[in-house]
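Peer 1: Input: one structure, supplied below.
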Amino acid sequence: MKGLIIKDLFALAKQGRIFLAVIAFYLVYSITTKNITMFAGMLTLFMGFLPINTMVFDEQSKWDKYALSMPLTRTDLVLSKYFLSGIVAVIAMLINLAVTAILIRLTDSAMGVQEASLYILAAGGVLLFYVALIFPVLFKFGVEKGRMLMMVVFLAPILIFTLLPKLGPMPEFLKPGSSLLKILPYLAVPALLICLLVSVAISIRIYKKKEF
């Protein structure tokens, strides 16, 4: 398991220049526009695609077929991608917390550190939620064949929340101050863990039946 994660980290290290360029661009953008949440949002989005990129590398190099000839189980191969995603999410949140604290001082933002921290934690949770949705699709169809479905999974929640207010009056349980929204922060973590566990179970089942 450890070796698989290290292998993926080495593969991602080749994208180091792109990573630094993205950080530099949105850092400058956030400072000039005084929009400190832009940096956190875009960095989280970029980091979220890194584990998917490792699956692209694996698919192009026929890694799975080679890996299964070694003393590795299919469960190990699946779990390594989820653990990598967790590592990436933590790194993204740590970078965002450090950079956002600096941006708040540089831009004299009205947003406090506590409020920004909650935003960053929520962004990290959303990243892992998308991982839970997308990985079973990618393990089933592969990155190339599953690209369209991946975009549907990615855009569907955004479209739903964008169009929902235009379809009619907002349901009472979604209005600000509703009892559901008050307890939602306490339900988010256990709900995310359940989604990840279900996703892992589905991905393992799919991968065990897959032929290479």
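Residues are named by chain letter and number: chains run A, B, ... in the order of the structure tokens, numbers start at 1 in each chain, and ligands are numbered from 1 in the order shown.
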Fewer than 3 positions away in the same chain doesn't count, so skip those; otherwise give me all residues within 10 Å of Met1 in chain A, counting only C-alpha atoms, as a PyMOL selection string.
Peer 2: chain A and resi 4-7+72-73+75-81+83
Peer 1: Store the residues picked out above in a file with N, CA, C and O atoms, as a PDB file, in the first residue's frame.
Peer 2:
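File written: again-v9.pdb
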```pdb
ATOM      1  N   LEU A   4       2.564   1.803  -3.292  1.00  0.00           N
ATOM      2  CA  LEU A   4       1.649   2.275  -4.335  1.00  0.00           C
ATOM      3  C   LEU A   4       1.425   3.785  -4.219  1.00  0.00           C
ATOM      4  O   LEU A   4       1.391   4.496  -5.231  1.00  0.00           O
ATOM      5  N   ILE A   5       1.286   4.264  -2.994  1.00  0.00           N
ATOM      6  CA  ILE A   5       1.074   5.693  -2.787  1.00  0.00           C
ATOM      7  C   ILE A   5       2.326   6.481  -3.173  1.00  0.00           C
ATOM      8  O   ILE A   5       2.246   7.533  -3.819  1.00  0.00           O
ATOM      9  N   ILE A   6       3.495   5.959  -2.803  1.00  0.00           N
ATOM     10  CA  ILE A   6       4.756   6.620  -3.168  1.00  0.00           C
ATOM     11  C   ILE A   6       4.909   6.667  -4.685  1.00  0.00           C
ATOM     12  O   ILE A   6       5.359   7.667  -5.262  1.00  0.00           O
ATOM     13  N   LYS A   7       4.534   5.566  -5.349  1.00  0.00           N
ATOM     14  CA  LYS A   7       4.593   5.529  -6.817  1.00  0.00           C
ATOM     15  C   LYS A   7       3.746   6.633  -7.427  1.00  0.00           C
ATOM     16  O   LYS A   7       4.183   7.329  -8.363  1.00  0.00           O
ATOM     17  N   LEU A  72       0.359  -8.104  -5.033  1.00  0.00           N
ATOM     18  CA  LEU A  72      -0.559  -7.032  -4.663  1.00  0.00           C
ATOM     19  C   LEU A  72      -1.982  -7.508  -4.910  1.00  0.00           C
ATOM     20  O   LEU A  72      -2.255  -8.183  -5.905  1.00  0.00           O
ATOM     21  N   THR A  73      -2.876  -7.154  -4.017  1.00  0.00           N
ATOM     22  CA  THR A  73      -4.274  -7.527  -4.199  1.00  0.00           C
ATOM     23  C   THR A  73      -5.015  -6.399  -4.896  1.00  0.00           C
ATOM     24  O   THR A  73      -4.573  -5.241  -4.894  1.00  0.00           O
ATOM     25  N   THR A  75      -7.718  -5.196  -3.891  1.00  0.00           N
ATOM     26  CA  THR A  75      -8.160  -4.298  -2.820  1.00  0.00           C
ATOM     27  C   THR A  75      -7.083  -3.265  -2.510  1.00  0.00           C
ATOM     28  O   THR A  75      -7.386  -2.085  -2.287  1.00  0.00           O
ATOM     29  N   ASP A  76      -5.814  -3.693  -2.498  1.00  0.00           N
ATOM     30  CA  ASP A  76      -4.704  -2.764  -2.256  1.00  0.00           C
ATOM     31  C   ASP A  76      -4.684  -1.657  -3.302  1.00  0.00           C
ATOM     32  O   ASP A  76      -4.485  -0.480  -2.979  1.00  0.00           O
ATOM     33  N   LEU A  77      -4.873  -2.037  -4.570  1.00  0.00           N
ATOM     34  CA  LEU A  77      -4.815  -1.066  -5.660  1.00  0.00           C
ATOM     35  C   LEU A  77      -5.939  -0.034  -5.547  1.00  0.00           C
ATOM     36  O   LEU A  77      -5.740   1.151  -5.824  1.00  0.00           O
ATOM     37  N   VAL A  78      -7.112  -0.501  -5.143  1.00  0.00           N
ATOM     38  CA  VAL A  78      -8.241   0.421  -4.991  1.00  0.00           C
ATOM     39  C   VAL A  78      -8.034   1.339  -3.788  1.00  0.00           C
ATOM     40  O   VAL A  78      -8.172   2.567  -3.887  1.00  0.00           O
ATOM     41  N   LEU A  79      -7.678   0.758  -2.660  1.00  0.00           N
ATOM     42  CA  LEU A  79      -7.526   1.552  -1.440  1.00  0.00           C
ATOM     43  C   LEU A  79      -6.424   2.598  -1.575  1.00  0.00           C
ATOM     44  O   LEU A  79      -6.524   3.685  -0.989  1.00  0.00           O
ATOM     45  N   SER A  80      -5.372   2.272  -2.335  1.00  0.00           N
ATOM     46  CA  SER A  80      -4.267   3.226  -2.487  1.00  0.00           C
ATOM     47  C   SER A  80      -4.750   4.530  -3.112  1.00  0.00           C
ATOM     48  O   SER A  80      -4.270   5.619  -2.762  1.00  0.00           O
ATOM     49  N   LYS A  81      -5.713   4.450  -4.041  1.00  0.00           N
ATOM     50  CA  LYS A  81      -6.237   5.663  -4.679  1.00  0.00           C
ATOM     51  C   LYS A  81      -7.047   6.498  -3.691  1.00  0.00           C
ATOM     52  O   LYS A  81      -6.991   7.740  -3.709  1.00  0.00           O
ATOM     53  N   PHE A  83      -6.646   6.468  -0.350  1.00  0.00           N
ATOM     54  CA  PHE A  83      -5.702   7.040   0.607  1.00  0.00           C
ATOM     55  C   PHE A  83      -4.950   8.217  -0.014  1.00  0.00           C
ATOM     56  O   PHE A  83      -4.701   9.227   0.653  1.00  0.00           O
TER      57      PHE A  83
END
```
Peer 1: So which residues touch Ser85 in chain A within 6 Å, counting only C-alpha atoms, skipping near sequence neighbours fewer than 3 positions away, as a PDB file with N, CA, C and O atoms, in the first residue's frame?
Peer 2:
```pdb
ATOM      1  N   PRO A  51      -5.409  12.876  -8.078  1.00  0.00           N
ATOM      2  CA  PRO A  51      -5.575  11.417  -8.021  1.00  0.00           C
ATOM      3  C   PRO A  51      -6.136  10.832  -9.318  1.00  0.00           C
ATOM      4  O   PRO A  51      -5.779   9.708  -9.708  1.00  0.00           O
ATOM      5  N   TYR A  82      -7.808   5.830  -2.826  1.00  0.00           N
ATOM      6  CA  TYR A  82      -8.587   6.571  -1.829  1.00  0.00           C
ATOM      7  C   TYR A  82      -7.673   7.207  -0.785  1.00  0.00           C
ATOM      8  O   TYR A  82      -7.895   8.359  -0.376  1.00  0.00           O
ATOM      9  N   VAL A  88      -4.025  14.076  -0.480  1.00  0.00           N
ATOM     10  CA  VAL A  88      -4.130  15.281  -1.311  1.00  0.00           C
ATOM     11  C   VAL A  88      -5.077  16.295  -0.679  1.00  0.00           C
ATOM     12  O   VAL A  88      -4.793  17.506  -0.662  1.00  0.00           O
TER      13      VAL A  88
END
```
Peer 1: By how many Å are CA of Ile52 in chain A and CA of Val137 in chain A apart?
Peer 2: 11.4 Å
Peer 1: Pick the closest to Glu59 in chain A from A:Ala132, A:Ile91, A:Ile104, A:Val143: which is it, counting only C-alpha atoms?
Peer 2: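 Closest to Glu59 in chain A of all the choices is A:Val143.
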Peer 1: Go ahead and compute the interatomic distance for CA of Lys2 in chain A and CA of Pro190 in chain A, in Å to one decimal.
Peer 2: 26.2 Å
Peer 1: Select, from A:Ala92, A:Val189, A:Ile102, A:Leu68, the residue with the minimum atom-to-atom distance to Tyr207 in chain A, counting only C-alpha atoms.
Peer 2: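 Ranked by minimum distance to Tyr207 in chain A, first place goes to A:Leu68.
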Peer 1: Give me, as a Markdown table, each residue of range 69-99 of chain A that comes within 7 Å of range 112-126 of chain A, together with its shortest interatomic pair and the distance in Å at one decimal, counting only C-alpha atoms, with rows ordered by chain and rising residue number.
Peer 2:
```
| residue | atom | partner | partner_atom | distance |
| --- | --- | --- | --- | --- |
| A:Ala89 | CA | A:Gly124 | CA | 5.7 |
| A:Met93 | CA | A:Ile120 | CA | 6.2 |
| A:Asn96 | CA | A:Ile120 | CA | 6.8 |
| A:Leu97 | CA | A:Ser117 | CA | 6.4 |
```
Peer 1: Could you turn the residues from that selection into a file that holds N, CA, C and O atoms, as a compact mmCIF listing (two decimals), in the first residue's frame?
Peer 2:
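part34.txt, freshly written:
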```
# COMPACT_ATOMS: atom_id res chain seq x y z
N ALA A 89 -6.20 15.82 -0.15
CA ALA A 89 -7.18 16.72 0.48
C ALA A 89 -6.57 17.41 1.70
O ALA A 89 -6.76 18.61 1.90
N MET A 93 -5.84 21.43 2.16
CA MET A 93 -6.38 22.22 3.27
C MET A 93 -5.27 22.92 4.05
O MET A 93 -5.42 24.07 4.46
N ASN A 96 -4.05 25.83 1.96
CA ASN A 96 -5.08 26.87 1.96
C ASN A 96 -5.14 27.62 3.28
O ASN A 96 -5.31 28.84 3.31
N LEU A 97 -5.02 26.88 4.39
CA LEU A 97 -5.07 27.54 5.70
C LEU A 97 -3.90 28.51 5.86
O LEU A 97 -4.08 29.64 6.34
```
